[in-house]
Amino acid sequence: MANLGPKANMVITTRKGGSPLHLLRVMKYARAYYRYLIPGLICIVIFAMTYSLNIAAMLPTVKLIADDQGLPAWVNQYVAERRLGFLLAPGDGAVRVYATTGKKKLPEGVAAQDIVRSINGRTLSARDAWREIAQLPDSASVRLELFHPPTGRSYTATVEASEVSFTEYWLSRIAEKLPQGTTRDDRMKTLYVLLAAVLVITLVGGVCRFFGEYLIALVAGRTIVAIRRKMYDRVLRFPVSYFASGSISDTVSRFVQDSQDIFRGLNFVFAKSLREPLKAMFAFAVALFLDWRITLVTVVVAPVAGLVIRRFGKLIRKAQKRLLEGYGRMLSALESALIGIRVVKGYTMERYERRHLHAVDNQMLKQQMKIERIDALSGPAFELMGVAVATLGIIYFAGLMFDNRMDFARFATLAACMAGMFDPVRKMSSFYNRVQQANAAVDRVFEVLEAPVEEAGLRRGAALAPLAQAIEFQGVRYSYPGSERPALDGIDLIVRRGERIAFVGPNGSGKTTLLAMLMRFFEPDEGRICFDGRDVRECSIHSLRRQISLITQDTVVFADTLANNIAYGDEKLLRRLVLKRRHPERFPDGPDPDFDRIVGAAKAAFADEFIREKPNGYDTYVGEHGAQLSGGQKQRIAIARAILRNAPIFIFDEATSQIDSESEQKIHDAVQKFLEGRTALIIAHRFSTILQADRIVVMDRGRIVDSGRHEELIERCRLYQTLYGSQILDDMKPGVAPVVSGA
């Protein structure tokens, strides 16, 4: 990836996620966890199958209770009817032909209402006739002696029995194992077997559902962790220009709220998007097995339900995206108010901040209620469609019952199948809404994951050799996005190795921007910066910044211990400290050179004296933004951090602006000694720092006005004279340390 330009802003064109598959953009982060996902999905499939099996078990249960036929006879009747191609019912003598099965027309020579007098020359009862036909070899011919009551005519017909299907074969095998009688005891024993089978199926389904949902939640959770890790890596490589112009709170919201919405969405996709459709499909398969005409109703209603689901999902996705943006604004407003609480209270702005937060909350509530309104509407809409479908189905199947073409057990089972199909579809309406909420979060998270960064890897590119001669700024120009006046306007400057240069000038003159360009926080619009004649853009950013110790204008203290804050200047040292805290048993007792380095840096910055006074010394936790430290103490921690880093180039940006005058001289003495042989670029208020520089660079409106030593500038540079004069006036004020106008 090419280097990110200085004016690059976080304006990303997002993809429109209109379907559940949009959420699957995150699947590449789940690849490492397929060993959990695949067993989880298999468990979900098994659970969906057990759901339909329990519905199917209703048919033999109702048949057993409502009829006195007995299950073995009922199974043989079903197989016999399937093999002959027409329905048979108990009648005079043996069985009566009363309808076609729907697969084909009645065989030639067979008419409705015919009574079967004998089968292959044998007179059999209905139970024996069904069993005889069910057990015939494949493609066997059956000679039927028939009597037609309306005409009083007797005749014979030969019907070819079809092959026994896989389902029919196993149904017959199972029926043979059941009690064959029709007495109360036989029927109760059969009922026990049926209910035990239902319990076993339910137990298996419950176990599979547990493991399926747990494994899927595990995959979703680990996937979110992987996404967050990628986001951490991405955000830490964003250019400084993004943090200067973008909302930090909105970025934090994407880590917290948006990623949580994706977690919930993944659970829905992996679990419900498979479980509920499979439940409906298996229930539909059972209904199709009982009566194929059920498909006609489904084909008519399914497209309508799909259109309604899609429409609701689109509305929810838009509202959810606005809601997530609202979370970012709320965090930003709350963070600003809490960090600046002293200013808020000092200026009695509590009411304003409260109203501001209330306004943000009201906007979020509006979007939340829009989501809830659509979600609440989807349930009744699908219930209405479901009841309409059920009404049509009941009317149709009731007609079949009244015509003696369907018994009550089959009717009740078909009704249960319709309910079994409708319930998953109703849940899927809610599922789609939830997935669209997750899609909105996916858009915002992928804005971060797909945003341009600094170099594609800070360590890529040739390593920059340690400075041997000089740093050169050659015609450097830079303008901040949206600014009409350039922050730097043709800077030409040579900084020799070991030289200490102080930068002075009015506020906004470009001093801080110039030093930021050296660390490649921004890239020049024009010109270049060279180390020993080599353009720094040809080298890795990491190797450049490793040569620099930085003390920023706004002192940064992390929410960690004092020791870790100082050790932040050395990554390996900091990692050892963290490891020692977690696993102290791995490190032998005795002298600790790591701790000695930290104490040495703290003493050099005169921080040791106040650290020793803390309750836990160097292990004292300083709180968020260093809340337990004064401004001067924060500055000394930052200086200790820079000293510990021991880099050949030092950048001080307002480094001693918050240090009291008593500590100032001690710190300056220590810093001056430490800077021997090092290159230093200094922006400072303190007059003593300016006078000790090898050269002073005077800047104004992004240009270098003059440079030289104090004695030279005080005679020839009018701007420097003005700055120095202002400092003298400040010196005359009692209790104020000498200063020179800073950045």
# chains A, B, ... in the order shown; residues from 1 in each chain; ligands from 1
>>> select_by_dssp(residues="range 165-312 of chain A", states="alpha helix (DSSP H)", output="PyMOL selection string")
chain A and resi 166-177+184-236+240-245+248-253+259-267+273-290+294-312
>>> residues_around(residues="range 155-161 of chain A", least_positions_apart="3", cutoff="6 Å", atoms="only C-alpha atoms", output="PDB file with N, CA and C atoms, in the first residue's frame")
ATOM      1  N   ARG A  83     -47.931 -49.411  -2.799  1.00  0.00           N
ATOM      2  CA  ARG A  83     -47.475 -50.365  -3.806  1.00  0.00           C
ATOM      3  C   ARG A  83     -48.535 -50.597  -4.895  1.00  0.00           C
ATOM      4  N   LEU A  84     -49.821 -50.591  -4.500  1.00  0.00           N
ATOM      5  CA  LEU A  84     -50.885 -50.816  -5.484  1.00  0.00           C
ATOM      6  C   LEU A  84     -51.282 -49.537  -6.209  1.00  0.00           C
ATOM      7  N   GLY A 109     -59.354 -51.866 -14.853  1.00  0.00           N
ATOM      8  CA  GLY A 109     -60.169 -52.942 -14.305  1.00  0.00           C
ATOM      9  C   GLY A 109     -60.514 -52.756 -12.849  1.00  0.00           C
ATOM     10  N   SER A 139     -42.223 -55.841  -7.904  1.00  0.00           N
ATOM     11  CA  SER A 139     -42.796 -56.013  -9.247  1.00  0.00           C
ATOM     12  C   SER A 139     -43.625 -57.293  -9.372  1.00  0.00           C
ATOM     13  N   ALA A 140     -44.130 -57.815  -8.250  1.00  0.00           N
ATOM     14  CA  ALA A 140     -44.978 -59.010  -8.296  1.00  0.00           C
ATOM     15  C   ALA A 140     -46.371 -58.632  -8.795  1.00  0.00           C
ATOM     16  N   SER A 141     -47.021 -59.549  -9.474  1.00  0.00           N
ATOM     17  CA  SER A 141     -48.388 -59.315  -9.957  1.00  0.00           C
ATOM     18  C   SER A 141     -49.380 -59.800  -8.904  1.00  0.00           C
ATOM     19  N   VAL A 142     -50.442 -59.030  -8.719  1.00  0.00           N
ATOM     20  CA  VAL A 142     -51.465 -59.354  -7.727  1.00  0.00           C
ATOM     21  C   VAL A 142     -52.790 -59.556  -8.472  1.00  0.00           C
ATOM     22  N   ARG A 143     -53.378 -60.755  -8.305  1.00  0.00           N
ATOM     23  CA  ARG A 143     -54.672 -61.020  -8.937  1.00  0.00           C
ATOM     24  C   ARG A 143     -55.763 -60.767  -7.907  1.00  0.00           C
ATOM     25  N   LEU A 144     -56.638 -59.825  -8.223  1.00  0.00           N
ATOM     26  CA  LEU A 144     -57.689 -59.407  -7.303  1.00  0.00           C
ATOM     27  C   LEU A 144     -59.044 -59.867  -7.837  1.00  0.00           C
ATOM     28  N   GLU A 145     -59.838 -60.472  -6.942  1.00  0.00           N
ATOM     29  CA  GLU A 145     -61.235 -60.770  -7.275  1.00  0.00           C
ATOM     30  C   GLU A 145     -62.080 -59.652  -6.678  1.00  0.00           C
ATOM     31  N   LEU A 146     -62.781 -58.921  -7.536  1.00  0.00           N
ATOM     32  CA  LEU A 146     -63.461 -57.703  -7.126  1.00  0.00           C
ATOM     33  C   LEU A 146     -64.970 -57.839  -7.300  1.00  0.00           C
TER      34      LEU A 146
END
>>> closest_residue(among="A:Glu276, A:Asp589, A:Asp619, A:Asp261", to="Pro424 in chain A", atoms="only C-alpha atoms")
A:Glu276
>>> atom_distance(atom1="CA of Lys580 in chain A", atom2="CA of Tyr621 in chain A")
16.3 Å
>>> closest_residue(among="A:Ala516, A:Arg351, A:Ala693, A:Ala134", to="Glu176 in chain A", atoms="only C-alpha atoms")
A:Ala134
>>> select_by_dssp(residues="range 671-707 of chain A", states="strand (DSSP E or B)", output="NGL selection string")
:A and (679-683 or 686 or 695-700 or 703-707)
>>> closest_residue(among="A:Phe147, A:Tyr34, A:Trp130, A:Phe521", to="Ala111 in chain A", atoms="only C-alpha atoms")
A:Phe147
>>> closest_residue(among="A:Ser125, A:Asn507, A:Ser707, A:Thr513", to="Arg477 in chain A", atoms="only C-alpha atoms")
A:Thr513
>>> atom_distance(atom1="CA of Leu681 in chain A", atom2="CA of Ala502 in chain A")
6.0 Å
>>> residues_around(residues="Leu577 in chain A", least_positions_apart="2", cutoff="9 Å", atoms="only C-alpha atoms", output="PyMOL selection string")
chain A and resi 563-564+567+572-575+579-582+594-595
>>> write_last_selection(atoms="N, CA and C atoms", output="tab-separated table (two decimals), in the first residue's frame")
chain	number	residue	atom	x	y	z
A	563	ALA	N	6.30	2.81	36.80
A	563	ALA	CA	7.42	2.09	36.18
A	563	ALA	C	7.13	1.79	34.72
A	564	ASN	N	5.93	1.32	34.43
A	564	ASN	CA	5.58	1.00	33.04
A	564	ASN	C	5.53	2.25	32.17
A	567	ALA	N	9.11	2.93	31.38
A	567	ALA	CA	9.64	1.88	30.50
A	567	ALA	C	9.01	1.92	29.11
A	572	LYS	N	10.97	-3.71	24.57
A	572	LYS	CA	11.40	-4.97	25.15
A	572	LYS	C	11.42	-4.91	26.67
A	573	LEU	N	11.86	-3.80	27.20
A	573	LEU	CA	11.88	-3.62	28.65
A	573	LEU	C	10.46	-3.65	29.21
A	574	LEU	N	9.55	-2.97	28.55
A	574	LEU	CA	8.17	-2.93	29.02
A	574	LEU	C	7.54	-4.32	29.00
A	575	ARG	N	7.83	-5.08	27.96
A	575	ARG	CA	7.27	-6.43	27.88
A	575	ARG	C	7.83	-7.32	28.98
A	579	LEU	N	5.67	-9.24	31.90
A	579	LEU	CA	5.85	-10.67	32.11
A	579	LEU	C	6.22	-10.96	33.56
A	580	LYS	N	7.07	-10.12	34.15
A	580	LYS	CA	7.45	-10.32	35.56
A	580	LYS	C	6.25	-10.19	36.49
A	581	ARG	N	5.37	-9.27	36.16
A	581	ARG	CA	4.19	-9.08	37.00
A	581	ARG	C	3.25	-10.28	36.90
A	582	ARG	N	3.13	-10.86	35.70
A	582	ARG	CA	2.22	-11.98	35.52
A	582	ARG	C	2.82	-13.28	36.02
A	594	ASP	N	16.68	-4.22	35.01
A	594	ASP	CA	15.59	-3.49	34.38
A	594	ASP	C	15.08	-2.38	35.30
A	595	PHE	N	14.89	-2.75	36.56
A	595	PHE	CA	14.42	-1.75	37.53
A	595	PHE	C	15.46	-0.66	37.73
>>> residues_around(residues="Lys634 in chain A", least_positions_apart="4", cutoff="8 Å", atoms="only C-alpha atoms", output="MDAnalysis selection string")
chainID A and resid 555:557 626 629:630 638
>>> write_last_selection(atoms="N, CA and C atoms", output="PDB file, in the first residue's frame")
ATOM      1  N   THR A 555       1.477  16.477  27.511  1.00  0.00           N
ATOM      2  CA  THR A 555       2.127  15.356  28.183  1.00  0.00           C
ATOM      3  C   THR A 555       1.203  14.149  28.217  1.00  0.00           C
ATOM      4  N   VAL A 556       1.726  13.011  27.794  1.00  0.00           N
ATOM      5  CA  VAL A 556       0.941  11.776  27.732  1.00  0.00           C
ATOM      6  C   VAL A 556       1.417  10.835  28.825  1.00  0.00           C
ATOM      7  N   VAL A 557       0.501  10.475  29.728  1.00  0.00           N
ATOM      8  CA  VAL A 557       0.766   9.475  30.757  1.00  0.00           C
ATOM      9  C   VAL A 557      -0.338   8.435  30.639  1.00  0.00           C
ATOM     10  N   GLY A 626      -3.238   9.888  33.793  1.00  0.00           N
ATOM     11  CA  GLY A 626      -2.367  10.309  34.891  1.00  0.00           C
ATOM     12  C   GLY A 626      -3.076  11.178  35.901  1.00  0.00           C
ATOM     13  N   LEU A 629      -1.386  12.474  39.153  1.00  0.00           N
ATOM     14  CA  LEU A 629      -0.148  13.249  39.071  1.00  0.00           C
ATOM     15  C   LEU A 629      -0.444  14.706  38.752  1.00  0.00           C
ATOM     16  N   SER A 630       0.414  15.579  39.240  1.00  0.00           N
ATOM     17  CA  SER A 630       0.316  16.993  38.875  1.00  0.00           C
ATOM     18  C   SER A 630       0.900  17.198  37.484  1.00  0.00           C
ATOM     19  N   ALA A 638       7.477  12.031  31.591  1.00  0.00           N
ATOM     20  CA  ALA A 638       7.704  12.031  30.143  1.00  0.00           C
ATOM     21  C   ALA A 638       9.187  12.216  29.820  1.00  0.00           C
TER      22      ALA A 638
END
>>> closest_residue(among="A:Leu365, A:Ala73, A:Leu171, A:Leu199", to="Arg127 in chain A", atoms="only C-alpha atoms")
A:Ala73
>>> closest_residue(among="A:Val442, A:Leu384, A:Met330, A:Met369", to="Asp258 in chain A", atoms="only C-alpha atoms")
A:Val442
